[in-house]
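Take a look at the structure set out below.
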Amino acid sequence: MLTPESAAVVRATLPAVGGALDEITRRFYGAMFAEQPELLDGLFNRGNQASGEQRRALAGSIAGFAQALLADPDARPDALLARIAHKHAALGVTEDQYTIVHKYLFRAIGDVLGDAVTPEVAAAWDEVYWLMAGALIAQEARLYQQAQVDPRKPWRQWTVVERREETPDAASFLLRPADAGPLPEAGAGQYVSVRVVMPDGTHQTRQYSLSNAPGEDVRRITVKRLASLAGAPEGEVSNQLYRTVRAGDELTLSAPFGDVVLDAADTPLVLVSAGIGCTPMVGMLGHLAATAPTRPVWVLHADRTPADHALRADTRRLVAQLPQAHTVFWYEQDATQEPGSRQGLMNLDGLSLPVDADVYLCGPLPFMQAVRSQLLRMGVPARRIRYETFGPDLWQAQADRVDA
């Protein structure tokens, strides 16, 4: 609970702090990595650091949490905290690292805001930080306990039993534990972290959705190599995996985590994806085929061409096992090569989607924002729309930013 005295100070200073968060987080990461370079070895994503995505996500989460406390001092933004806690658990974040973050974050706040950071201001924002950190530490402890994971030893070796070429830019890896032990429990829609040694010797970690049903005797991830685009560097982990990993190799994986999990209700489902965002949806379809084949489901997917549509054959195969399933695919080019598909970008006009459906989205952020707007106009309540992102949650960050 945020004390009334601190709430008054945070309310008065939130515009100034919110307006400076980009610069604060830039200095925070710069100083922390300069003095603690080991944190770049596996825990933080170099690509997201270079693009600024991690910085913007951190700024958005801090501002969002502060706003939630001001709206209701006893409340907790559960969706925001759950999303962060699952990401942290998939990386093996430990309680002591919150003290390190606090040190550099508050140094950066002082450097940017200068004399405006009086002892009262520092104490109030310190209270906000530790309320957020305490809530995350508690959630992460529960996640580690549920997954039976020691956060100091979160990794396990897995053997690649098969590599499947899905498209010219995507490959699937079928995996079994190298120690021949049991597969950890997973929910349909969850992801694992994959920890890779890069050519320069540094470890880098990325999350990949499980693209098959959790109950199968192997785990599958599907990796699309990300090319350099608009001056942004290529995806270093996706390209490393795509170029080098073959059957017989070993990969280092976390236990499955992720807060976007297919529920066990009998309400209609709408699974909406674009590009490699199809991966959690195919895992959900596999789970439906095994456990609830009569549940009504709409499968909507957008891609550049049918040849670029990863797991397209798997999607068709699983839909054929679901008597109340419907599919609509949109392709920017060559739509005639896939019977029944539509040319162009995804447009929900004319589709009789059930407004009481539970909707799951996965794909590029602009795509998800556009589709969500269409769904809201069709009468689907916002509370029924859930989404998964690959990397920092910039949607949440944008929603929670404070205007200066």
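We label chains A, B, ... in the order they appear in the structure tokens, count residues from 1 in each chain, and number ligands from 1 in the order shown.
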Please provide the set of residues having any atom within 10 Å of segment 293-296 of chain A, restricted to only C-alpha atoms, with same-chain residues fewer than 6 positions apart removed, written as an mmCIF file with C-alpha atoms, in the first residue's frame.
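Output saved as result_15.cif:
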```cif
data_model
loop_
_atom_site.group_PDB
_atom_site.id
_atom_site.type_symbol
_atom_site.label_atom_id
_atom_site.label_comp_id
_atom_site.auth_asym_id
_atom_site.auth_seq_id
_atom_site.Cartn_x
_atom_site.Cartn_y
_atom_site.Cartn_z
ATOM 1 C CA ALA A 265 -13.842 -22.910 -20.778
ATOM 2 C CA ASP A 266 -16.316 -23.974 -23.451
ATOM 3 C CA THR A 267 -16.833 -20.488 -24.884
ATOM 4 C CA PRO A 268 -16.050 -19.916 -28.564
ATOM 5 C CA LEU A 269 -12.436 -19.103 -29.436
ATOM 6 C CA VAL A 270 -10.913 -16.758 -31.989
ATOM 7 C CA LEU A 285 -5.057 -26.031 -31.731
ATOM 8 C CA GLY A 286 -3.136 -29.180 -30.861
ATOM 9 C CA HIS A 287 -4.339 -28.934 -27.281
ATOM 10 C CA LEU A 318 -5.512 -29.847 -36.734
ATOM 11 C CA VAL A 319 -8.509 -27.845 -37.951
ATOM 12 C CA GLN A 321 -9.893 -32.673 -36.364
ATOM 13 C CA LEU A 322 -12.125 -29.926 -34.941
ATOM 14 C CA PRO A 323 -15.689 -30.193 -36.282
ATOM 15 C CA GLN A 324 -16.612 -26.648 -35.220
ATOM 16 C CA ALA A 325 -13.458 -24.947 -36.511
ATOM 17 C CA HIS A 326 -13.353 -22.264 -39.198
ATOM 18 C CA PRO A 354 -19.174 -14.560 -31.936
ATOM 19 C CA ALA A 357 -15.657 -15.417 -27.855
#
```
Residues of segment 110-254 of chain A in helix (DSSP H, G or I) according to DSSP, as a ChimeraX atom specification? /A:110-116,119-147,236-244
For the selection just defined, write its residues with N, CA and C atoms to a file, as a tab-separated table (two decimals), in the first residue's frame.
```tsv
chain	number	residue	atom	x	y	z
A	110	GLY	N	18.42	10.72	-10.19
A	110	GLY	CA	19.10	11.88	-9.64
A	110	GLY	C	19.90	12.63	-10.67
A	111	ASP	N	20.58	11.90	-11.57
A	111	ASP	CA	21.38	12.55	-12.60
A	111	ASP	C	20.51	13.38	-13.55
A	112	VAL	N	19.34	12.86	-13.89
A	112	VAL	CA	18.49	13.53	-14.88
A	112	VAL	C	17.70	14.67	-14.26
A	113	LEU	N	17.12	14.45	-13.09
A	113	LEU	CA	16.24	15.46	-12.49
A	113	LEU	C	16.96	16.41	-11.53
A	114	GLY	N	18.17	16.07	-11.14
A	114	GLY	CA	18.98	16.98	-10.34
A	114	GLY	C	18.34	17.38	-9.03
A	115	ASP	N	18.35	18.71	-8.77
A	115	ASP	CA	17.86	19.22	-7.49
A	115	ASP	C	16.38	18.98	-7.25
A	116	ALA	N	15.65	18.63	-8.32
A	116	ALA	CA	14.22	18.35	-8.14
A	116	ALA	C	14.00	17.09	-7.31
A	119	PRO	N	14.89	14.83	-0.81
A	119	PRO	CA	14.76	13.60	-0.01
A	119	PRO	C	13.33	13.06	0.01
A	120	GLU	N	12.33	13.96	0.03
A	120	GLU	CA	10.93	13.51	0.05
A	120	GLU	C	10.56	12.85	-1.28
A	121	VAL	N	11.00	13.43	-2.37
A	121	VAL	CA	10.72	12.85	-3.70
A	121	VAL	C	11.41	11.50	-3.83
A	122	ALA	N	12.67	11.43	-3.43
A	122	ALA	CA	13.40	10.16	-3.52
A	122	ALA	C	12.72	9.08	-2.68
A	123	ALA	N	12.27	9.44	-1.48
A	123	ALA	CA	11.63	8.45	-0.61
A	123	ALA	C	10.31	7.96	-1.19
A	124	ALA	N	9.54	8.87	-1.79
A	124	ALA	CA	8.25	8.47	-2.36
A	124	ALA	C	8.44	7.52	-3.53
A	125	TRP	N	9.36	7.84	-4.43
A	125	TRP	CA	9.57	6.96	-5.58
A	125	TRP	C	10.28	5.67	-5.18
A	126	ASP	N	11.07	5.73	-4.12
A	126	ASP	CA	11.65	4.52	-3.58
A	126	ASP	C	10.56	3.57	-3.10
A	127	GLU	N	9.52	4.14	-2.50
A	127	GLU	CA	8.40	3.33	-2.04
A	127	GLU	C	7.68	2.67	-3.22
A	128	VAL	N	7.49	3.45	-4.29
A	128	VAL	CA	6.86	2.89	-5.50
A	128	VAL	C	7.69	1.73	-6.03
A	129	TYR	N	9.01	1.95	-6.12
A	129	TYR	CA	9.88	0.91	-6.68
A	129	TYR	C	9.78	-0.38	-5.87
A	130	TRP	N	9.89	-0.27	-4.55
A	130	TRP	CA	9.93	-1.49	-3.76
A	130	TRP	C	8.56	-2.15	-3.64
A	131	LEU	N	7.48	-1.38	-3.78
A	131	LEU	CA	6.17	-2.02	-3.87
A	131	LEU	C	6.08	-2.87	-5.14
A	132	MET	N	6.56	-2.31	-6.25
A	132	MET	CA	6.54	-3.06	-7.51
A	132	MET	C	7.50	-4.24	-7.44
A	133	ALA	N	8.71	-4.00	-6.95
A	133	ALA	CA	9.68	-5.09	-6.86
A	133	ALA	C	9.19	-6.19	-5.94
A	134	GLY	N	8.61	-5.81	-4.78
A	134	GLY	CA	8.12	-6.82	-3.86
A	134	GLY	C	7.01	-7.68	-4.45
A	135	ALA	N	6.11	-7.02	-5.20
A	135	ALA	CA	5.03	-7.78	-5.84
A	135	ALA	C	5.60	-8.74	-6.89
A	136	LEU	N	6.59	-8.29	-7.65
A	136	LEU	CA	7.19	-9.15	-8.67
A	136	LEU	C	7.97	-10.30	-8.03
A	137	ILE	N	8.73	-10.00	-7.00
A	137	ILE	CA	9.50	-11.05	-6.32
A	137	ILE	C	8.58	-12.14	-5.81
A	138	ALA	N	7.44	-11.74	-5.23
A	138	ALA	CA	6.49	-12.73	-4.71
A	138	ALA	C	5.90	-13.56	-5.84
A	139	GLN	N	5.50	-12.90	-6.94
A	139	GLN	CA	4.94	-13.65	-8.07
A	139	GLN	C	5.97	-14.60	-8.66
A	140	GLU	N	7.19	-14.13	-8.81
A	140	GLU	CA	8.23	-14.97	-9.40
A	140	GLU	C	8.57	-16.16	-8.51
A	141	ALA	N	8.55	-15.95	-7.20
A	141	ALA	CA	8.79	-17.07	-6.28
A	141	ALA	C	7.72	-18.14	-6.46
A	142	ARG	N	6.46	-17.72	-6.62
A	142	ARG	CA	5.39	-18.70	-6.84
A	142	ARG	C	5.59	-19.44	-8.17
A	143	LEU	N	5.98	-18.71	-9.20
A	143	LEU	CA	6.19	-19.34	-10.50
A	143	LEU	C	7.32	-20.36	-10.43
A	144	TYR	N	8.41	-20.00	-9.79
A	144	TYR	CA	9.52	-20.95	-9.65
A	144	TYR	C	9.08	-22.19	-8.88
A	145	GLN	N	8.30	-21.97	-7.82
A	145	GLN	CA	7.83	-23.11	-7.02
A	145	GLN	C	6.91	-24.00	-7.84
A	146	GLN	N	5.98	-23.40	-8.56
A	146	GLN	CA	5.06	-24.18	-9.38
A	146	GLN	C	5.79	-24.98	-10.46
A	147	ALA	N	6.83	-24.37	-11.04
A	147	ALA	CA	7.58	-25.05	-12.10
A	147	ALA	C	8.67	-25.96	-11.56
A	236	GLU	N	19.95	-11.85	-33.96
A	236	GLU	CA	21.17	-12.65	-33.85
A	236	GLU	C	20.91	-14.06	-33.33
A	237	VAL	N	19.98	-14.23	-32.40
A	237	VAL	CA	19.72	-15.59	-31.90
A	237	VAL	C	18.94	-16.40	-32.92
A	238	SER	N	17.92	-15.81	-33.54
A	238	SER	CA	17.13	-16.56	-34.52
A	238	SER	C	18.01	-17.00	-35.69
A	239	ASN	N	18.90	-16.15	-36.15
A	239	ASN	CA	19.79	-16.53	-37.24
A	239	ASN	C	20.81	-17.57	-36.81
A	240	GLN	N	21.32	-17.44	-35.58
A	240	GLN	CA	22.26	-18.44	-35.08
A	240	GLN	C	21.60	-19.82	-35.01
A	241	LEU	N	20.37	-19.88	-34.48
A	241	LEU	CA	19.67	-21.16	-34.41
A	241	LEU	C	19.37	-21.70	-35.80
A	242	TYR	N	18.85	-20.85	-36.67
A	242	TYR	CA	18.46	-21.31	-38.00
A	242	TYR	C	19.67	-21.82	-38.78
A	243	ARG	N	20.79	-21.14	-38.68
A	243	ARG	CA	21.96	-21.49	-39.49
A	243	ARG	C	22.73	-22.69	-38.97
A	244	THR	N	22.70	-22.91	-37.65
A	244	THR	CA	23.65	-23.88	-37.09
A	244	THR	C	23.05	-25.12	-36.47
```
Between A:Gly350, A:Pro4, A:Pro168, A:Gly277, which has the minimum distance to Asp72 of chain A (counting only C-alpha atoms)? A:Pro4
For Val260 of chain A: contacts at 10 Å, only C-alpha atoms, fewer than 6 positions along chain excluded, given as a PyMOL selection string: chain A and resi 82-83+86+187-191+280+360-361+386-389
Atoms to include: C-alpha atoms. Write the selected residues as a PDB file, in the first residue's frame.
```
ATOM      1  CA  ALA A  82       2.035 -11.124 -14.396  1.00  0.00           C
ATOM      2  CA  ARG A  83       3.495 -10.378 -17.834  1.00  0.00           C
ATOM      3  CA  HIS A  86       6.653 -14.669 -16.343  1.00  0.00           C
ATOM      4  CA  GLY A 187       0.191 -24.666 -20.786  1.00  0.00           C
ATOM      5  CA  ALA A 188      -1.017 -24.240 -24.347  1.00  0.00           C
ATOM      6  CA  GLY A 189       0.307 -20.849 -25.435  1.00  0.00           C
ATOM      7  CA  GLN A 190       3.365 -20.743 -23.179  1.00  0.00           C
ATOM      8  CA  TYR A 191       6.962 -20.183 -24.257  1.00  0.00           C
ATOM      9  CA  PRO A 280       1.297 -20.364 -29.960  1.00  0.00           C
ATOM     10  CA  TYR A 360      -6.038 -14.558 -28.530  1.00  0.00           C
ATOM     11  CA  LEU A 361      -3.727 -12.347 -30.621  1.00  0.00           C
ATOM     12  CA  ARG A 386      -5.602 -11.302 -24.845  1.00  0.00           C
ATOM     13  CA  TYR A 387      -2.316 -10.988 -26.648  1.00  0.00           C
ATOM     14  CA  GLU A 388       1.209 -12.368 -26.669  1.00  0.00           C
ATOM     15  CA  THR A 389       4.329 -10.475 -27.701  1.00  0.00           C
TER      16      THR A 389
END
```
Rank A:Leu210, A:Leu375, A:Ala89, A:Val272 by their smallest atom-to-atom distance to Leu43 of chain A, using only C-alpha atoms, and report the top residue only.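 Nearest candidate to Leu43 of chain A out of A:Leu210, A:Leu375, A:Ala89, A:Val272: A:Ala89.
Nearest-residue note for Lys153 of chain A: choosing from A:Leu348, A:Leu253, A:Ala20, A:Leu365, the minimum distance belongs to A:Leu253, counting only C-alpha atoms.
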May I ask which of the residues A:Val245, A:Val192, A:Val101, A:Ala255 is the closest one to Pro151 of chain A, counting only C-alpha atoms? A:Ala255
Would you list the contacts of Met1 of chain A as a list in words, taking every protein, DNA or RNA residue within 8 Å and counting only C-alpha atoms, but skipping same-chain residues closer than 6 positions in sequence?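 Everything that qualifies: Leu69, Pro73, Asp74, Ala75 and Leu131 of chain A.
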Can you list, as JSON, numbers by chain, every protein, DNA or RNA residue that comes within 10 Å of Pro182 of chain A when you count only C-alpha atoms, leaving out same-chain residues fewer than 5 positions away? {"A": [176, 177, 217]}
Please, what distance in Å, to one decimal, runs between atom CA of Phe329 of chain A and atom CA of Ala302 of chain A? 5.8 Å
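If only C-alpha atoms are the atoms counted, then among A:Val297, A:Leu311, A:Val93, A:Ala186 the closest residue to Gly258 of chain A is A:Ala186.
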State, in Å with one decimal place, the distance from atom CA of Gly363 of chain A to atom CA of Gly275 of chain A.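 Straight-line distance from atom CA of Gly363 of chain A to atom CA of Gly275 of chain A works out to 6.4 Å.
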Quick check, in Å to one decimal: how far apart do atom CA of Ser209 of chain A and atom CA of Ala307 of chain A lie?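 Taking atom CA of Ser209 of chain A and atom CA of Ala307 of chain A, their separation equals 20.9 Å.
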Could you go through segment 62-160 of chain A and tell me which residues DSSP, when run on the backbone, assigns to strand (DSSP E or B), listing them as a list in words?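 Going through segment 62-160 of chain A, the strand (DSSP E or B) residues come out as Asp150, Lys153, Arg156, Gln157, Trp158, Thr159 and Val160 of chain A.
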Excluding Trp330 of chain A and any residue of its chain fewer than 6 positions from it, enumerate the residues within 7 Å of it, using only C-alpha atoms, and give them as a PyMOL selection string. chain A and resi 301-303+341-346
Using only C-alpha atoms, can you tell me which of A:Gly30, A:Gly201, A:Pro154, A:Gly283 comes closest to Pro214 of chain A? A:Gly283
Excluding Pro364 of chain A and its own-chain neighbours fewer than 2 positions away, which residues fall within 9 Å of it when counting only C-alpha atoms? Please give them as a PyMOL selection string. chain A and resi 273-275+277+362+366-369+389-390
Would you output that residue set with C-alpha atoms, as a PDB file, in the first residue's frame?
```pdb
ATOM      1  CA  SER A 273      -2.092 -14.331 -35.799  1.00  0.00           C
ATOM      2  CA  ALA A 274       0.278 -12.918 -38.354  1.00  0.00           C
ATOM      3  CA  GLY A 275       3.653 -14.211 -39.489  1.00  0.00           C
ATOM      4  CA  GLY A 277       2.814 -15.300 -34.414  1.00  0.00           C
ATOM      5  CA  CYS A 362      -0.106 -12.849 -31.613  1.00  0.00           C
ATOM      6  CA  PRO A 366       0.777  -2.738 -35.356  1.00  0.00           C
ATOM      7  CA  PHE A 367      -1.097  -5.808 -36.607  1.00  0.00           C
ATOM      8  CA  MET A 368      -2.457  -6.640 -33.161  1.00  0.00           C
ATOM      9  CA  GLN A 369      -3.484  -3.050 -32.517  1.00  0.00           C
ATOM     10  CA  THR A 389       4.329 -10.475 -27.701  1.00  0.00           C
ATOM     11  CA  PHE A 390       7.797 -11.679 -28.612  1.00  0.00           C
TER      12      PHE A 390
END
```
